[in-house]
>>> print(open('query_38.cif').read())   # mmCIF, C-alpha atoms
data_target
loop_
_atom_site.label_atom_id
_atom_site.label_comp_id
_atom_site.auth_asym_id
_atom_site.auth_seq_id
_atom_site.Cartn_x
_atom_site.Cartn_y
_atom_site.Cartn_z
CA MET A 1 15.95 2.75 11.94
CA THR A 2 19.54 3.67 11.01
CA GLY A 3 20.78 1.40 8.25
CA ARG A 4 17.29 0.18 7.36
CA VAL A 5 15.87 0.63 3.85
CA CYS A 6 12.18 1.54 3.62
CA LEU A 7 10.13 1.70 0.42
CA VAL A 8 6.99 3.88 0.52
CA THR A 9 4.56 4.01 -2.40
CA GLY A 10 2.47 7.08 -3.13
CA ALA A 11 5.03 9.19 -1.32
CA SER A 12 4.79 12.58 -3.03
CA SER A 13 1.96 13.80 -0.81
CA GLY A 14 -0.37 12.93 2.04
CA ILE A 15 0.19 9.90 4.24
CA GLY A 16 2.99 8.52 2.07
CA LYS A 17 4.96 11.76 2.18
CA GLU A 18 4.61 12.11 5.95
CA THR A 19 5.50 8.44 6.49
CA ALA A 20 8.68 8.84 4.43
CA LYS A 21 9.60 12.03 6.31
CA LYS A 22 9.16 10.42 9.71
CA LEU A 23 11.12 7.29 8.75
CA VAL A 24 13.96 9.48 7.48
CA GLY A 25 13.84 11.35 10.78
CA LEU A 26 14.35 8.02 12.55
CA GLY A 27 17.51 7.43 10.51
CA ALA A 28 16.15 5.17 7.78
CA THR A 29 16.84 5.36 4.07
CA ALA A 30 13.48 6.18 2.48
CA VAL A 31 12.91 5.14 -1.11
CA MET A 32 9.88 7.07 -2.35
CA VAL A 33 7.82 5.67 -5.20
CA CYS A 34 5.92 8.47 -6.92
CA ARG A 35 3.86 8.75 -10.09
CA ASN A 36 4.82 12.32 -10.96
CA ARG A 37 8.52 13.21 -11.26
CA LYS A 38 8.08 16.92 -10.57
CA ARG A 39 6.06 16.36 -7.41
CA GLY A 40 8.39 13.59 -6.30
CA GLU A 41 11.49 15.73 -6.75
CA LYS A 42 9.81 18.59 -4.87
CA THR A 43 9.11 16.28 -1.92
CA VAL A 44 12.67 14.93 -1.91
CA ALA A 45 14.03 18.49 -1.88
CA GLU A 46 11.67 19.45 0.95
CA ILE A 47 12.81 16.51 3.09
CA LYS A 48 16.47 17.27 2.45
CA ARG A 49 16.01 20.94 3.33
CA ALA A 50 14.51 19.96 6.67
CA ASN A 51 17.14 17.31 7.39
CA LYS A 52 20.61 17.76 5.89
CA ASN A 53 21.47 14.14 6.75
CA ALA A 54 18.35 12.74 5.11
CA GLN A 55 18.83 9.54 3.14
CA VAL A 56 16.01 9.73 0.61
CA GLU A 57 15.66 8.48 -2.97
CA LEU A 58 13.05 8.77 -5.70
CA LEU A 59 11.72 6.04 -7.98
CA LEU A 60 8.96 6.60 -10.53
CA ALA A 61 6.03 4.29 -11.21
CA ASP A 62 2.42 4.76 -12.28
CA PHE A 63 0.39 2.02 -10.59
CA THR A 64 -2.11 2.00 -13.44
CA SER A 65 0.58 0.02 -15.28
CA LEU A 66 1.70 -3.44 -14.16
CA ASP A 67 4.76 -3.06 -16.38
CA ALA A 68 5.70 0.07 -14.42
CA VAL A 69 5.38 -1.91 -11.19
CA ARG A 70 7.68 -4.61 -12.56
CA SER A 71 10.18 -1.96 -13.63
CA VAL A 72 10.28 -0.21 -10.26
CA ALA A 73 10.70 -3.53 -8.43
CA LYS A 74 13.63 -4.35 -10.70
CA GLU A 75 15.16 -0.90 -10.21
CA LEU A 76 14.89 -1.14 -6.43
CA SER A 77 16.47 -4.60 -6.40
CA GLU A 78 19.36 -3.39 -8.55
CA LYS A 79 20.03 -0.36 -6.32
CA HIS A 80 19.68 -2.06 -2.94
CA ASP A 81 20.74 -5.45 -1.65
CA SER A 82 18.32 -5.19 1.30
CA LEU A 83 14.78 -4.02 2.01
CA HIS A 84 13.54 -3.90 5.59
CA VAL A 85 10.19 -2.13 5.29
CA LEU A 86 7.63 -1.95 2.48
CA VAL A 87 4.74 0.49 2.97
CA ASN A 88 2.04 -0.08 0.36
CA ASN A 89 0.25 3.25 0.50
CA ALA A 90 -0.49 4.51 -3.04
CA GLY A 91 -4.17 4.79 -3.85
CA GLY A 92 -6.86 6.64 -5.70
CA VAL A 93 -10.55 6.60 -6.58
CA ARG A 94 -12.62 7.33 -9.69
CA VAL A 95 -16.16 8.71 -9.63
CA MET A 96 -16.77 7.06 -13.01
CA ARG A 97 -15.61 3.58 -13.87
CA SER A 98 -12.42 3.45 -15.91
CA ALA A 99 -10.03 0.71 -16.91
CA THR A 100 -6.23 0.68 -17.02
CA ALA A 101 -4.17 -0.30 -20.03
CA ASP A 102 -3.91 -3.72 -18.42
CA GLY A 103 -7.70 -4.03 -18.65
CA PHE A 104 -8.53 -3.85 -14.94
CA GLU A 105 -10.84 -1.47 -13.09
CA THR A 106 -8.61 1.44 -12.09
CA THR A 107 -9.25 1.64 -8.35
CA PHE A 108 -8.91 -2.13 -7.95
CA GLN A 109 -5.55 -2.08 -9.73
CA VAL A 110 -4.05 1.05 -8.17
CA ASP A 111 -5.18 0.39 -4.60
CA TYR A 112 -4.72 -3.38 -4.51
CA LEU A 113 -3.54 -5.35 -7.54
CA SER A 114 -0.37 -3.35 -8.26
CA HIS A 115 0.63 -3.66 -4.60
CA PHE A 116 0.00 -7.40 -4.72
CA LEU A 117 2.42 -7.59 -7.66
CA LEU A 118 5.02 -5.24 -6.16
CA THR A 119 5.05 -7.09 -2.84
CA ASN A 120 5.49 -10.48 -4.47
CA LEU A 121 8.30 -9.20 -6.69
CA LEU A 122 10.13 -7.88 -3.60
CA LEU A 123 9.52 -10.86 -1.31
CA GLU A 124 12.88 -12.46 -1.97
CA LEU A 125 14.65 -9.23 -0.96
CA LEU A 126 12.43 -8.82 2.10
CA ARG A 127 13.09 -12.39 3.24
CA LYS A 128 16.81 -11.94 2.75
CA SER A 129 16.66 -8.77 4.88
CA ALA A 130 14.60 -10.28 7.71
CA PRO A 131 13.46 -9.24 10.19
CA SER A 132 11.46 -7.10 7.81
CA ARG A 133 7.96 -5.66 7.69
CA ILE A 134 5.20 -5.15 5.12
CA ILE A 135 2.55 -2.54 5.93
CA ASN A 136 -0.60 -2.21 3.83
CA VAL A 137 -2.52 1.05 4.18
CA SER A 138 -6.15 -0.01 3.97
CA SER A 139 -9.23 1.84 5.24
CA ALA A 140 -12.24 1.46 7.49
CA SER A 141 -14.15 1.51 4.21
CA HIS A 142 -13.24 -2.17 3.89
CA TYR A 143 -16.06 -2.92 6.38
CA ARG A 144 -18.50 -2.02 3.60
CA GLY A 145 -16.60 -4.03 1.01
CA HIS A 146 -17.49 -7.34 -0.61
CA LEU A 147 -15.64 -9.36 -3.23
CA ASN A 148 -17.90 -10.46 -6.08
CA PHE A 149 -15.69 -12.87 -8.01
CA ASP A 150 -18.20 -12.88 -10.86
CA ASP A 151 -17.55 -9.16 -11.38
CA LEU A 152 -14.32 -8.08 -9.64
CA GLN A 153 -13.83 -5.45 -12.33
CA MET A 154 -17.26 -3.94 -11.61
CA LYS A 155 -18.48 -3.84 -15.18
CA LYS A 156 -22.00 -4.02 -13.73
CA GLY A 157 -23.28 -1.60 -11.12
CA TYR A 158 -20.11 0.43 -10.55
CA GLY A 159 -20.06 2.85 -7.63
CA VAL A 160 -17.16 4.98 -6.41
CA MET A 161 -17.37 3.84 -2.78
CA LYS A 162 -18.32 0.30 -3.78
CA SER A 163 -15.12 0.10 -5.82
CA TYR A 164 -12.97 1.71 -3.13
CA SER A 165 -14.36 -0.53 -0.38
CA GLN A 166 -13.78 -3.65 -2.46
CA ALA A 167 -10.14 -2.71 -3.11
CA LYS A 168 -9.51 -1.95 0.56
CA LEU A 169 -11.10 -5.25 1.62
CA ALA A 170 -8.84 -7.00 -0.90
CA GLN A 171 -5.86 -5.37 0.83
CA VAL A 172 -6.91 -6.76 4.21
CA LEU A 173 -7.52 -10.26 2.80
CA PHE A 174 -4.12 -10.07 1.08
CA THR A 175 -2.48 -9.07 4.36
CA TYR A 176 -3.85 -12.06 6.24
CA GLU A 177 -3.15 -14.54 3.44
CA LEU A 178 0.41 -13.31 2.96
CA SER A 179 1.08 -13.45 6.70
CA ARG A 180 0.09 -17.12 6.67
CA ARG A 181 2.32 -17.84 3.70
CA LEU A 182 5.29 -16.07 5.28
CA GLU A 183 5.02 -17.70 8.68
CA GLY A 184 8.47 -18.46 10.09
CA THR A 185 10.35 -16.33 7.53
CA GLY A 186 10.93 -13.28 9.75
CA VAL A 187 8.78 -11.12 7.43
CA THR A 188 5.68 -9.69 9.10
CA VAL A 189 2.61 -8.31 7.33
CA ASN A 190 0.06 -5.97 8.87
CA CYS A 191 -2.56 -3.54 7.62
CA LEU A 192 -4.22 -0.43 9.00
CA HIS A 193 -6.83 2.27 8.85
CA PRO A 194 -4.96 5.61 9.00
CA GLY A 195 -7.99 7.62 10.07
CA THR A 196 -10.08 9.86 7.87
CA VAL A 197 -7.27 11.95 6.47
CA ALA A 198 -7.29 15.17 4.45
CA THR A 199 -5.20 13.99 1.49
CA ASN A 200 -5.23 14.41 -2.29
CA ILE A 201 -6.77 10.99 -2.89
CA TRP A 202 -10.04 12.52 -4.09
CA ASN A 203 -8.46 15.25 -6.21
CA GLY A 204 -9.35 14.94 -9.84
CA SER A 205 -11.65 11.97 -9.24
CA MET A 206 -14.94 13.60 -8.31
CA GLY A 207 -15.52 15.74 -11.40
CA PRO A 208 -18.08 18.47 -10.68
CA PHE A 209 -18.31 17.24 -7.06
CA SER A 210 -14.66 17.95 -6.24
CA PHE A 211 -15.70 20.89 -4.07
CA LEU A 212 -17.12 18.37 -1.57
CA GLY A 213 -13.59 17.09 -0.95
CA ASN A 214 -12.42 20.60 -0.12
CA ILE A 215 -15.28 21.13 2.32
CA SER A 216 -14.72 17.76 4.00
CA ARG A 217 -11.09 18.66 4.70
CA LEU A 218 -12.33 20.97 7.44
CA PHE A 219 -13.40 17.91 9.44
CA LEU A 220 -10.54 15.50 8.72
CA ILE A 221 -7.25 14.74 10.45
CA SER A 222 -3.94 15.88 8.99
CA PRO A 223 -1.61 13.66 6.91
CA GLU A 224 0.89 13.92 9.80
CA GLU A 225 -1.67 12.33 12.12
CA GLY A 226 -2.57 9.78 9.46
CA ALA A 227 1.08 8.68 9.22
CA ARG A 228 1.31 7.76 12.91
CA THR A 229 0.08 4.19 12.53
CA PRO A 230 2.10 3.31 9.39
CA VAL A 231 5.25 4.66 11.07
CA TYR A 232 4.42 2.77 14.27
CA LEU A 233 4.03 -0.51 12.36
CA ALA A 234 7.22 0.17 10.38
CA SER A 235 9.45 1.06 13.31
CA SER A 236 8.14 0.23 16.77
CA PRO A 237 9.77 -2.60 18.74
CA GLU A 238 6.32 -3.18 20.27
CA VAL A 239 5.16 -4.89 17.07
CA GLU A 240 8.36 -6.83 16.33
CA GLY A 241 7.23 -10.29 15.24
CA VAL A 242 3.53 -9.36 15.19
CA THR A 243 1.87 -10.35 11.91
CA GLY A 244 -1.51 -10.75 10.27
CA LYS A 245 -3.24 -7.95 12.20
CA TYR A 246 -5.39 -4.91 11.42
CA TYR A 247 -4.62 -1.66 13.26
CA ASP A 248 -6.45 1.59 13.88
CA ASP A 249 -4.78 4.45 15.78
CA LYS A 250 -1.81 2.21 16.68
CA ARG A 251 -4.11 -0.36 18.28
CA GLU A 252 -5.03 -3.82 17.04
CA LYS A 253 -8.65 -3.99 15.95
CA GLN A 254 -11.10 -6.54 14.54
CA SER A 255 -11.57 -6.20 10.79
CA SER A 256 -14.68 -7.20 8.84
CA ASP A 257 -16.11 -10.72 9.00
CA GLU A 258 -15.39 -11.36 5.32
CA SER A 259 -11.73 -10.38 5.77
CA TYR A 260 -11.17 -13.49 7.93
CA ASP A 261 -12.62 -15.94 5.39
CA GLN A 262 -9.61 -17.99 4.31
CA SER A 263 -11.44 -19.49 1.34
CA VAL A 264 -12.12 -15.97 0.01
CA ALA A 265 -8.50 -14.96 0.65
CA SER A 266 -7.17 -18.03 -1.15
CA LYS A 267 -9.47 -17.46 -4.13
CA LEU A 268 -8.44 -13.80 -4.29
CA TRP A 269 -4.76 -14.80 -4.20
CA ASN A 270 -5.23 -17.23 -7.10
CA GLU A 271 -7.16 -14.65 -9.12
CA SER A 272 -4.53 -12.00 -8.38
CA GLU A 273 -1.74 -14.32 -9.52
CA ARG A 274 -3.63 -14.94 -12.74
CA MET A 275 -4.28 -11.23 -13.36
CA THR A 276 -0.69 -10.18 -12.70
CA GLY A 277 0.93 -13.12 -14.49
CA LEU A 278 2.61 -14.43 -11.34
CA SER A 279 2.99 -18.16 -10.76
CA SER A 280 3.76 -20.12 -7.62
CA GLY A 281 7.45 -20.11 -6.81
CA PRO A 282 10.00 -17.82 -5.15
CA GLY A 283 7.95 -14.75 -5.95
CA ALA A 284 4.69 -16.19 -4.68
CA PRO A 285 5.24 -18.68 -1.87
CA SER A 286 2.67 -21.44 -1.44
CA LEU A 287 0.92 -22.35 1.77
CA PRO A 288 2.83 -25.01 3.73
#
>>> encode(input="query_38.cif", output="C-alpha cells")
Amino acid sequence: MTGRVCLVTGASSGIGKETAKKLVGLGATAVMVCRNRKRGEKTVAEIKRANKNAQVELLLADFTSLDAVRSVAKELSEKHDSLHVLVNNAGGVRVMRSATADGFETTFQVDYLSHFLLTNLLLELLRKSAPSRIINVSSASHYRGHLNFDDLQMKKGYGVMKSYSQAKLAQVLFTYELSRRLEGTGVTVNCLHPGTVATNIWNGSMGPFSFLGNISRLFLISPEEGARTPVYLASSPEVEGVTGKYYDDKREKQSSDESYDQSVASKLWNESERMTGLSSGPGAPSLP
C-alpha cells in the first residue's frame, strides 16, 4: 500500500480507527475523517507513537451536516491529487427519532446519505487514481431492512433498529448501483458486515438503556477483528477488480433479496441525488 492514499470516515475509534492503523502499517497514507477534533488528534498521536514512519492526516467533518461533507471533500481534493481507497465507515444510531439541520432522519443521513454525497464528490479523484476501491461498511442488520419510499425519514413508526436496518440496506443498494455505474472505470465498490463489534456506535444513543451496550460488549468481537474485512477489501490483491459484492469475514456472501432489486436501487439513487442536491454529471455518473 506504499504510495496509496486511503480515506477512512469515522476513524477516531472502533472499526475506523483500527482500519486506519492497519492501512498505515501496510505503508499507506491514511486520511482520517473524524467528528471530534480532540479525539481525532489523540488517535493520530497514538498511531504515530506506534509507528514513527506513519503517514496519517486528520480532517474534520460532522456527518449530520451535508455542508460539512462538501467541505471535507473539497479539502481532501485540494490536499491530494490522488485517492486510491475510500472506506465509508462512520455511523451512529438514535434511540429516539431526531432530524439533522438538513431535515433528514439522523441515522439515515449519518450512516448512508452523507456517504452517498461524499463518494459522489470524490468519484472524479477516484477514477483518476484507478485502480481504486470504495468500501462501504454495512451490517447484517440490513437483512431486516426495508425501504419505504413513502416514509424514508421515518416520521411514522420510528424504531431504533428499524432505522438502522434501513440505512444499512441503503448502503448495500448503493454499493450495487454504484458498481454498475462505474463498470469499466477501474473503480471497484464492495460492502461488508464487519461482525458484531464492541464499538462506541451505541454510546450516547440509548439513553437510560446505555448500560445494555456495556453488558453486550462482553459477547462481541474486538474492533481489531472487525477491521479485518475492510482492510482485506482495501488492500488484498485477491479482490483486485472484484466489484458489486457483499462480504462477511473476508468471504463473499449473499445479501438480502431486496438489496438485489435494481428498480429499488435506481429509485434510491434518484431520491438520494434529490436530497443531497446532486445532479447527473461528472459527480454522479449515469447508467450506460
>>> residues_around(input="query_38.cif", residues="range 16-21 of chain A", least_positions_apart="6", cutoff="7 Å", atoms="all atoms listed in the file", output="MDAnalysis selection string")
chainID A and resid 8:10 30 47 89 223:224 227 230:231
>>> write_last_selection(input="query_38.cif", atoms="C-alpha atoms", output="PDB file, in the frame of the given file")
ATOM      1  CA  VAL A   8       6.990   3.880   0.520  1.00  0.00           C
ATOM      2  CA  THR A   9       4.560   4.010  -2.400  1.00  0.00           C
ATOM      3  CA  GLY A  10       2.470   7.080  -3.130  1.00  0.00           C
ATOM      4  CA  ALA A  30      13.480   6.180   2.480  1.00  0.00           C
ATOM      5  CA  ILE A  47      12.810  16.510   3.090  1.00  0.00           C
ATOM      6  CA  ASN A  89       0.250   3.250   0.500  1.00  0.00           C
ATOM      7  CA  PRO A 223      -1.610  13.660   6.910  1.00  0.00           C
ATOM      8  CA  GLU A 224       0.890  13.920   9.800  1.00  0.00           C
ATOM      9  CA  ALA A 227       1.080   8.680   9.220  1.00  0.00           C
ATOM     10  CA  PRO A 230       2.100   3.310   9.390  1.00  0.00           C
ATOM     11  CA  VAL A 231       5.250   4.660  11.070  1.00  0.00           C
TER      12      VAL A 231
END
>>> residues_around(input="query_38.cif", residues="Ser163 in chain A", least_positions_apart="4", cutoff="7 Å", atoms="all atoms listed in the file", output="count of residues only")
5
>>> residues_around(input="query_38.cif", residues="Leu117 in chain A", least_positions_apart="5", cutoff="9 Å", atoms="all atoms listed in the file", output="ChimeraX atom specification")
/A:66,69-70,112,122,272-273,276-278
>>> closest_residue(input="query_38.cif", among="A:Gly226, A:Gly3, A:Pro131, A:Pro194", to="Glu240 in chain A", atoms="all atoms listed in the file")
A:Pro131
>>> atom_distance(input="query_38.cif", atom1="CA of Arg94 in chain A", atom2="CA of Gln153 in chain A")
13.1 Å
>>> residues_around(input="query_38.cif", residues="Lys155 in chain A", least_positions_apart="2", cutoff="10 Å", atoms="all atoms listed in the file", output="PyMOL selection string")
chain A and resi 97-99+104-105+151-153+157-158
>>> atom_distance(input="query_38.cif", atom1="CA of Leu169 in chain A", atom2="CA of Asp150 in chain A")
16.3 Å
>>> residues_around(input="query_38.cif", residues="Lys162 in chain A", least_positions_apart="5", cutoff="10 Å", atoms="only C-alpha atoms", output="list in words")
Ser141, His142, Arg144, Gly145, His146, Met154, Gly157 and Ala167 of chain A
>>> write_last_selection(input="query_38.cif", atoms="C-alpha atoms", output="compact mmCIF listing (two decimals), in the frame of the given file")
# COMPACT_ATOMS: atom_id res chain seq x y z
CA SER A 141 -14.15 1.51 4.21
CA HIS A 142 -13.24 -2.17 3.89
CA ARG A 144 -18.50 -2.02 3.60
CA GLY A 145 -16.60 -4.03 1.01
CA HIS A 146 -17.49 -7.34 -0.61
CA MET A 154 -17.26 -3.94 -11.61
CA GLY A 157 -23.28 -1.60 -11.12
CA ALA A 167 -10.14 -2.71 -3.11
>>> closest_residue(input="query_38.cif", among="A:Val24, A:Leu125, A:Leu147, A:Met96", to="Ser235 in chain A", atoms="all atoms listed in the file")
A:Val24
